[in-house]
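Peer 1: This is the structure, below, for whatever I ask next.
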Amino acid sequence: MPETRSMLWFRRAALAATLLCAIVVVVGAWVRLTNAGLGCPDWPGCYGHMHPAQAAERVAEINAANPGRPFDYQKAINEMVHRYIVGGLGLLVIGLALLSVMNRRDPAQPRVLPWMLVALLIVQALLGMWTVTLLLKPLIVTLHLLGGLLTLALLWWLALPPARRELKAAERPLRRLAIVGIAVLAVQVALGGWTSTNYAAAACPDFPTCQSSWWPPMDFRNAFTLWRGLGIDYEGGVLDAPARVAIHYTHRLGAYVTAFVLLLVVAGAWRRAQSNATRIAAIAVGIAVVLQVAIGMNLVWKGWPLSLGTAHNAGAALLLLATVALLRSLSPRSEVGRYRPSLR
């Protein structure tokens, strides 16, 4: 039987939250790439105000108190716009959780996942605060990015209704492979976040070589030190060139592995898929992989323009959404037995 009206509204709300979360992810990348992460050095306000225009009226006082970081209205507004959108997303996530309580008698209603998203939202708020107060510490900023993409994936999972069919035996290995694909993609996204937060994106100005070499001098020991203590200002990065090259090149090698695994998933889906939804999702994954690789190459060749840097982050989000959709199509609601709604 079709989903109830209450579940249709829940899915639509989850879809709206997914779209807003995607905007948050892209705007967050734009904030990082415009070096506006510390445009407002306090949280949740900006120099003690809710809008940078109010802080602009106290520029002389602010600059006197922060001689090393003068007030920059454009960077401040970039950061606050991101926070405003995050606030709207928070309201939508809380609304989804409340809807899950109102619809609790519907056997198709997810009950646990909406409240997990509320908990994740709280963690994200803390990471957002620490991003500012700990001066863009790479580990915190990378975790914040991963938390944002996890939020995006879970919202998209809620927005996609499960298919009403039995998972065929031929599809079970494909489902396991899709899970591996998402795990590999998560590692690659973490590497991308680490590259961005350590300002290592431009460490290899050529492609496919790096520093005109297939294996340039690299410092892996310092490149992946997760914690360097407190009180360090990481804006602009603190690593020497060999460590940044190691980070960038590892991310590039990870891209090759991720593309191979995900294209393997696509090929497996084309051979084993038993539904049109799975085939369509697999095509979307393949297109997203090709698009992301093309953006990555052009990002290097064109000298890291802001537009392509932002598009590269958007491409990662798109690839995640396509891969989650593929896994969702391989996680149908069985027509046999009692449906367990706790996570779906």
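Please note that chains go A, B, ... in the order of the structure tokens, that every chain numbers its residues from 1, and that ligands are numbered from 1 in the order shown.
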Would you mind listing, for every residue of stretch 163-262 of chain A within 9 Å of stretch 24-39 of chain A, the two atoms forming the shortest contact and the distance between them in Å to one decimal, using only C-alpha atoms, sorted by chain and ascending residue number, as CSV?
Peer 2:
residue,atom,partner,partner_atom,distance
A:Ser196,CA,A:Arg32,CA,8.0
A:Thr197,CA,A:Arg32,CA,8.0
A:Glu235,CA,A:Asn35,CA,7.6
A:Gly236,CA,A:Asn35,CA,8.1
Peer 1: Next, write the just-selected residues to a file, as a PDB file, in the first residue's frame, keeping N, CA, C and O atoms as the atom set.
Peer 2:
ATOM      1  N   SER A 196      42.205  20.697   2.549  1.00  0.00           N
ATOM      2  CA  SER A 196      41.706  22.073   2.586  1.00  0.00           C
ATOM      3  C   SER A 196      42.099  22.775   3.872  1.00  0.00           C
ATOM      4  O   SER A 196      42.561  23.922   3.856  1.00  0.00           O
ATOM      5  N   THR A 197      41.922  22.102   5.010  1.00  0.00           N
ATOM      6  CA  THR A 197      42.145  22.767   6.295  1.00  0.00           C
ATOM      7  C   THR A 197      43.624  22.985   6.601  1.00  0.00           C
ATOM      8  O   THR A 197      43.964  23.800   7.463  1.00  0.00           O
ATOM      9  N   GLU A 235      45.148  29.695  10.473  1.00  0.00           N
ATOM     10  CA  GLU A 235      44.732  30.394   9.252  1.00  0.00           C
ATOM     11  C   GLU A 235      45.943  30.566   8.330  1.00  0.00           C
ATOM     12  O   GLU A 235      46.975  31.095   8.728  1.00  0.00           O
ATOM     13  N   GLY A 236      45.825  30.088   7.107  1.00  0.00           N
ATOM     14  CA  GLY A 236      46.942  30.119   6.175  1.00  0.00           C
ATOM     15  C   GLY A 236      47.821  28.884   6.243  1.00  0.00           C
ATOM     16  O   GLY A 236      48.641  28.651   5.357  1.00  0.00           O
TER      17      GLY A 236
END
Peer 1: Could you find all residues in stretch 39-194 of chain A that DSSP calls helix (DSSP H, G or I) from the backbone, and write them as number ranges by chain?
Peer 2: A: 52-56, 59-65, 73-102, 113-133, 138-159, 169-194
Peer 1: Env of stretch 3-16 of chain A: 9 Å cut, atoms = only C-alpha atoms, seq-sep filter 3 positions within chain, self excluded. Answer as a PDB file with N, CA, C and O atoms, in the first residue's frame.
Peer 2:
ATOM      1  N   LEU A  19      18.040  19.603   0.824  1.00  0.00           N
ATOM      2  CA  LEU A  19      18.438  20.696  -0.072  1.00  0.00           C
ATOM      3  C   LEU A  19      19.117  21.814   0.707  1.00  0.00           C
ATOM      4  O   LEU A  19      20.143  22.355   0.272  1.00  0.00           O
ATOM      5  N   LEU A  20      18.561  22.161   1.870  1.00  0.00           N
ATOM      6  CA  LEU A  20      19.158  23.222   2.674  1.00  0.00           C
ATOM      7  C   LEU A  20      20.525  22.788   3.213  1.00  0.00           C
ATOM      8  O   LEU A  20      21.465  23.588   3.267  1.00  0.00           O
ATOM      9  N   CYS A  21      20.649  21.514   3.585  1.00  0.00           N
ATOM     10  CA  CYS A  21      21.926  21.009   4.085  1.00  0.00           C
ATOM     11  C   CYS A  21      22.980  21.039   2.979  1.00  0.00           C
ATOM     12  O   CYS A  21      24.155  21.354   3.242  1.00  0.00           O
ATOM     13  N   LEU A  92      14.666  22.959  10.824  1.00  0.00           N
ATOM     14  CA  LEU A  92      14.065  21.894  10.020  1.00  0.00           C
ATOM     15  C   LEU A  92      14.345  20.514  10.624  1.00  0.00           C
ATOM     16  O   LEU A  92      13.457  19.649  10.651  1.00  0.00           O
ATOM     17  N   VAL A  93      15.562  20.301  11.106  1.00  0.00           N
ATOM     18  CA  VAL A  93      15.898  19.002  11.705  1.00  0.00           C
ATOM     19  C   VAL A  93      15.073  18.763  12.964  1.00  0.00           C
ATOM     20  O   VAL A  93      14.549  17.654  13.183  1.00  0.00           O
ATOM     21  N   GLY A  95      12.184  20.065  13.526  1.00  0.00           N
ATOM     22  CA  GLY A  95      10.828  19.824  13.033  1.00  0.00           C
ATOM     23  C   GLY A  95      10.628  18.392  12.581  1.00  0.00           C
ATOM     24  O   GLY A  95       9.570  17.790  12.830  1.00  0.00           O
ATOM     25  N   LEU A  96      11.627  17.810  11.924  1.00  0.00           N
ATOM     26  CA  LEU A  96      11.540  16.405  11.505  1.00  0.00           C
ATOM     27  C   LEU A  96      11.410  15.486  12.712  1.00  0.00           C
ATOM     28  O   LEU A  96      10.626  14.523  12.695  1.00  0.00           O
ATOM     29  N   LEU A  99       7.939  15.744  14.002  1.00  0.00           N
ATOM     30  CA  LEU A  99       7.017  15.032  13.107  1.00  0.00           C
ATOM     31  C   LEU A  99       7.086  13.525  13.351  1.00  0.00           C
ATOM     32  O   LEU A  99       6.061  12.833  13.267  1.00  0.00           O
ATOM     33  N   SER A 100       8.281  13.028  13.629  1.00  0.00           N
ATOM     34  CA  SER A 100       8.405  11.582  13.871  1.00  0.00           C
ATOM     35  C   SER A 100       7.635  11.172  15.118  1.00  0.00           C
ATOM     36  O   SER A 100       7.125  10.042  15.191  1.00  0.00           O
ATOM     37  N   MET A 102       4.845  12.825  16.196  1.00  0.00           N
ATOM     38  CA  MET A 102       3.434  12.946  15.814  1.00  0.00           C
ATOM     39  C   MET A 102       2.971  11.761  14.974  1.00  0.00           C
ATOM     40  O   MET A 102       1.817  11.337  15.067  1.00  0.00           O
ATOM     41  N   ASN A 103       3.894  11.217  14.148  1.00  0.00           N
ATOM     42  CA  ASN A 103       3.536  10.107  13.250  1.00  0.00           C
ATOM     43  C   ASN A 103       3.924   8.749  13.823  1.00  0.00           C
ATOM     44  O   ASN A 103       3.993   7.769  13.092  1.00  0.00           O
ATOM     45  N   ASP A 106       2.400   5.394  12.796  1.00  0.00           N
ATOM     46  CA  ASP A 106       2.561   4.921  11.421  1.00  0.00           C
ATOM     47  C   ASP A 106       3.723   3.939  11.380  1.00  0.00           C
ATOM     48  O   ASP A 106       4.855   4.299  11.735  1.00  0.00           O
ATOM     49  N   ALA A 108       5.527   2.921   9.076  1.00  0.00           N
ATOM     50  CA  ALA A 108       6.586   3.290   8.144  1.00  0.00           C
ATOM     51  C   ALA A 108       7.418   4.468   8.638  1.00  0.00           C
ATOM     52  O   ALA A 108       8.406   4.830   8.010  1.00  0.00           O
ATOM     53  N   GLN A 109       7.016   5.061   9.777  1.00  0.00           N
ATOM     54  CA  GLN A 109       7.688   6.261  10.265  1.00  0.00           C
ATOM     55  C   GLN A 109       9.046   5.938  10.900  1.00  0.00           C
ATOM     56  O   GLN A 109       9.121   5.169  11.855  1.00  0.00           O
ATOM     57  N   LEU A 155      19.850  12.818   6.040  1.00  0.00           N
ATOM     58  CA  LEU A 155      18.624  13.505   5.605  1.00  0.00           C
ATOM     59  C   LEU A 155      18.156  12.956   4.264  1.00  0.00           C
ATOM     60  O   LEU A 155      16.950  12.758   4.038  1.00  0.00           O
ATOM     61  N   TRP A 156      19.090  12.722   3.353  1.00  0.00           N
ATOM     62  CA  TRP A 156      18.745  12.172   2.039  1.00  0.00           C
ATOM     63  C   TRP A 156      18.175  10.767   2.180  1.00  0.00           C
ATOM     64  O   TRP A 156      17.235  10.394   1.469  1.00  0.00           O
ATOM     65  N   TRP A 157      18.735   9.992   3.115  1.00  0.00           N
ATOM     66  CA  TRP A 157      18.212   8.647   3.370  1.00  0.00           C
ATOM     67  C   TRP A 157      16.753   8.718   3.829  1.00  0.00           C
ATOM     68  O   TRP A 157      15.916   7.926   3.397  1.00  0.00           O
ATOM     69  N   LEU A 158      16.450   9.683   4.695  1.00  0.00           N
ATOM     70  CA  LEU A 158      15.074   9.848   5.163  1.00  0.00           C
ATOM     71  C   LEU A 158      14.146  10.321   4.048  1.00  0.00           C
ATOM     72  O   LEU A 158      12.963   9.986   4.030  1.00  0.00           O
ATOM     73  N   ALA A 159      14.676  11.124   3.135  1.00  0.00           N
ATOM     74  CA  ALA A 159      13.843  11.675   2.068  1.00  0.00           C
ATOM     75  C   ALA A 159      13.485  10.628   1.016  1.00  0.00           C
ATOM     76  O   ALA A 159      12.462  10.759   0.324  1.00  0.00           O
ATOM     77  N   LEU A 160      14.324   9.603   0.882  1.00  0.00           N
ATOM     78  CA  LEU A 160      14.102   8.572  -0.133  1.00  0.00           C
ATOM     79  C   LEU A 160      13.272   7.433   0.455  1.00  0.00           C
ATOM     80  O   LEU A 160      13.724   6.758   1.378  1.00  0.00           O
ATOM     81  N   PRO A 161      12.074   7.190  -0.059  1.00  0.00           N
ATOM     82  CA  PRO A 161      11.276   6.072   0.469  1.00  0.00           C
ATOM     83  C   PRO A 161      11.871   4.742   0.036  1.00  0.00           C
ATOM     84  O   PRO A 161      12.371   4.608  -1.083  1.00  0.00           O
TER      85      PRO A 161
END
Peer 1: Show which residues sit within 10 Å of stretch 121-125 of chain A, as a compact mmCIF listing (two decimals) with N, CA and C atoms, in the first residue's frame. Count only C-alpha atoms, and ignore same-chain residues fewer than 5 positions away.
Peer 2:
# COMPACT_ATOMS: atom_id res chain seq x y z
N TRP A 43 31.58 33.26 18.83
CA TRP A 43 30.46 32.39 18.41
C TRP A 43 29.40 32.42 19.51
N PRO A 44 28.11 32.48 19.18
CA PRO A 44 27.51 32.42 17.84
C PRO A 44 27.39 33.76 17.14
N ARG A 83 26.21 30.86 9.11
CA ARG A 83 25.58 30.55 10.39
C ARG A 83 24.07 30.73 10.33
N VAL A 86 22.66 27.69 8.63
CA VAL A 86 22.73 26.56 9.56
C VAL A 86 21.60 26.64 10.58
N GLY A 87 21.29 27.86 11.05
CA GLY A 87 20.17 28.01 11.98
C GLY A 87 18.85 27.54 11.38
N LEU A 89 18.54 25.31 9.00
CA LEU A 89 18.61 23.85 8.92
C LEU A 89 18.32 23.22 10.27
N GLY A 90 18.83 23.82 11.34
CA GLY A 90 18.57 23.28 12.68
C GLY A 90 17.09 23.24 12.99
N VAL A 93 15.56 20.30 11.11
CA VAL A 93 15.90 19.00 11.71
C VAL A 93 15.07 18.76 12.96
N ILE A 94 14.93 19.79 13.79
CA ILE A 94 14.08 19.65 14.99
C ILE A 94 12.63 19.39 14.58
N TRP A 115 15.92 11.64 15.59
CA TRP A 115 16.50 12.13 16.85
C TRP A 115 18.02 11.98 16.86
N MET A 116 18.54 11.01 16.10
CA MET A 116 19.99 10.94 15.92
C MET A 116 20.49 12.19 15.20
N TRP A 130 33.99 25.38 18.16
CA TRP A 130 35.42 25.11 18.35
C TRP A 130 36.24 25.48 17.11
N THR A 131 35.63 25.39 15.93
CA THR A 131 36.32 25.82 14.72
C THR A 131 36.82 27.25 14.86
N LEU A 143 36.52 17.43 11.01
CA LEU A 143 35.39 16.74 11.64
C LEU A 143 34.08 17.49 11.39
N HIS A 144 34.16 18.82 11.39
CA HIS A 144 32.96 19.63 11.12
C HIS A 144 32.46 19.38 9.70
N LEU A 145 33.38 19.30 8.75
CA LEU A 145 33.01 18.99 7.37
C LEU A 145 32.39 17.60 7.27
N LEU A 146 33.01 16.61 7.91
CA LEU A 146 32.48 15.25 7.86
C LEU A 146 31.11 15.18 8.51
N GLY A 147 30.93 15.91 9.62
CA GLY A 147 29.62 15.95 10.26
C GLY A 147 28.56 16.55 9.37
N GLY A 148 28.92 17.58 8.62
CA GLY A 148 27.97 18.19 7.69
C GLY A 148 27.56 17.23 6.60
N THR A 151 25.33 14.52 8.02
CA THR A 151 23.97 15.06 8.15
C THR A 151 23.25 15.04 6.81
Peer 1: So which residues touch A:Ser331 within 9 Å, counting only C-alpha atoms, skipping near sequence neighbours fewer than 5 positions away, as a list in words?
Peer 2: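 The residues that qualify are Pro162, Ala163, Leu167, Arg175 and Leu326 of chain A.
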Peer 1: The selected residues should be written to file as an mmCIF file, in the first residue's frame (atoms: all heavy atoms).
Peer 2:
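Below is the file result-v7.cif, written as the result:
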data_model
loop_
_atom_site.group_PDB
_atom_site.id
_atom_site.type_symbol
_atom_site.label_atom_id
_atom_site.label_comp_id
_atom_site.auth_asym_id
_atom_site.auth_seq_id
_atom_site.Cartn_x
_atom_site.Cartn_y
_atom_site.Cartn_z
ATOM 1 N N PRO A 162 11.851 3.739 0.903
ATOM 2 C CA PRO A 162 12.376 2.425 0.520
ATOM 3 C C PRO A 162 11.475 1.763 -0.515
ATOM 4 O O PRO A 162 10.248 1.926 -0.493
ATOM 5 C CB PRO A 162 12.368 1.646 1.841
ATOM 6 C CG PRO A 162 11.299 2.297 2.657
ATOM 7 C CD PRO A 162 11.312 3.751 2.282
ATOM 8 N N ALA A 163 12.098 1.047 -1.447
ATOM 9 C CA ALA A 163 11.323 0.317 -2.447
ATOM 10 C C ALA A 163 10.565 -0.818 -1.771
ATOM 11 O O ALA A 163 10.990 -1.357 -0.748
ATOM 12 C CB ALA A 163 12.252 -0.228 -3.527
ATOM 13 N N LEU A 167 14.876 -8.002 -1.812
ATOM 14 C CA LEU A 167 16.222 -7.881 -2.349
ATOM 15 C C LEU A 167 16.620 -9.234 -2.937
ATOM 16 O O LEU A 167 16.634 -10.251 -2.251
ATOM 17 C CB LEU A 167 17.201 -7.474 -1.246
ATOM 18 C CG LEU A 167 18.632 -7.169 -1.702
ATOM 19 C CD1 LEU A 167 18.661 -5.909 -2.548
ATOM 20 C CD2 LEU A 167 19.555 -7.023 -0.500
ATOM 21 N N ARG A 175 25.083 -4.907 -2.819
ATOM 22 C CA ARG A 175 24.814 -4.054 -1.657
ATOM 23 C C ARG A 175 26.055 -3.956 -0.764
ATOM 24 O O ARG A 175 26.405 -2.869 -0.284
ATOM 25 C CB ARG A 175 23.633 -4.602 -0.862
ATOM 26 C CG ARG A 175 23.176 -3.679 0.262
ATOM 27 C CD ARG A 175 21.909 -4.227 0.929
ATOM 28 N NE ARG A 175 21.390 -3.251 1.871
ATOM 29 C CZ ARG A 175 21.771 -3.144 3.147
ATOM 30 N NH1 ARG A 175 22.714 -3.958 3.609
ATOM 31 N NH2 ARG A 175 21.243 -2.232 3.938
ATOM 32 N N LEU A 326 21.975 5.014 -4.338
ATOM 33 C CA LEU A 326 22.205 3.645 -4.818
ATOM 34 C C LEU A 326 22.037 2.640 -3.679
ATOM 35 O O LEU A 326 21.359 1.612 -3.834
ATOM 36 C CB LEU A 326 23.605 3.546 -5.417
ATOM 37 C CG LEU A 326 24.037 2.153 -5.889
ATOM 38 C CD1 LEU A 326 23.104 1.626 -6.970
ATOM 39 C CD2 LEU A 326 25.475 2.189 -6.391
#
Peer 1: For A:Arg333, which of A:Val180, A:Pro173, A:Arg164, A:Trp301 is the closest residue, counting only C-alpha atoms?
Peer 2: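 Of all the options, A:Arg164 lies closest to A:Arg333.
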Peer 1: Compile the contact shell of A:Ala178 as a list of chain:residue names: residues with an atom at most 9 Å away, counting only C-alpha atoms, same-chain residues fewer than 5 positions apart removed.
Peer 2: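 Those residues are A:Pro173, A:Ala183, A:Leu262, A:Val265, A:Val266, A:Thr323, A:Val324, A:Leu326, A:Leu327, A:Leu330.
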Peer 1: Interatomic distance between atom CA of A:Ala281 and atom CA of A:Pro114?
Peer 2: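 Going from atom CA of A:Ala281 over to atom CA of A:Pro114, I get 24.0 Å.
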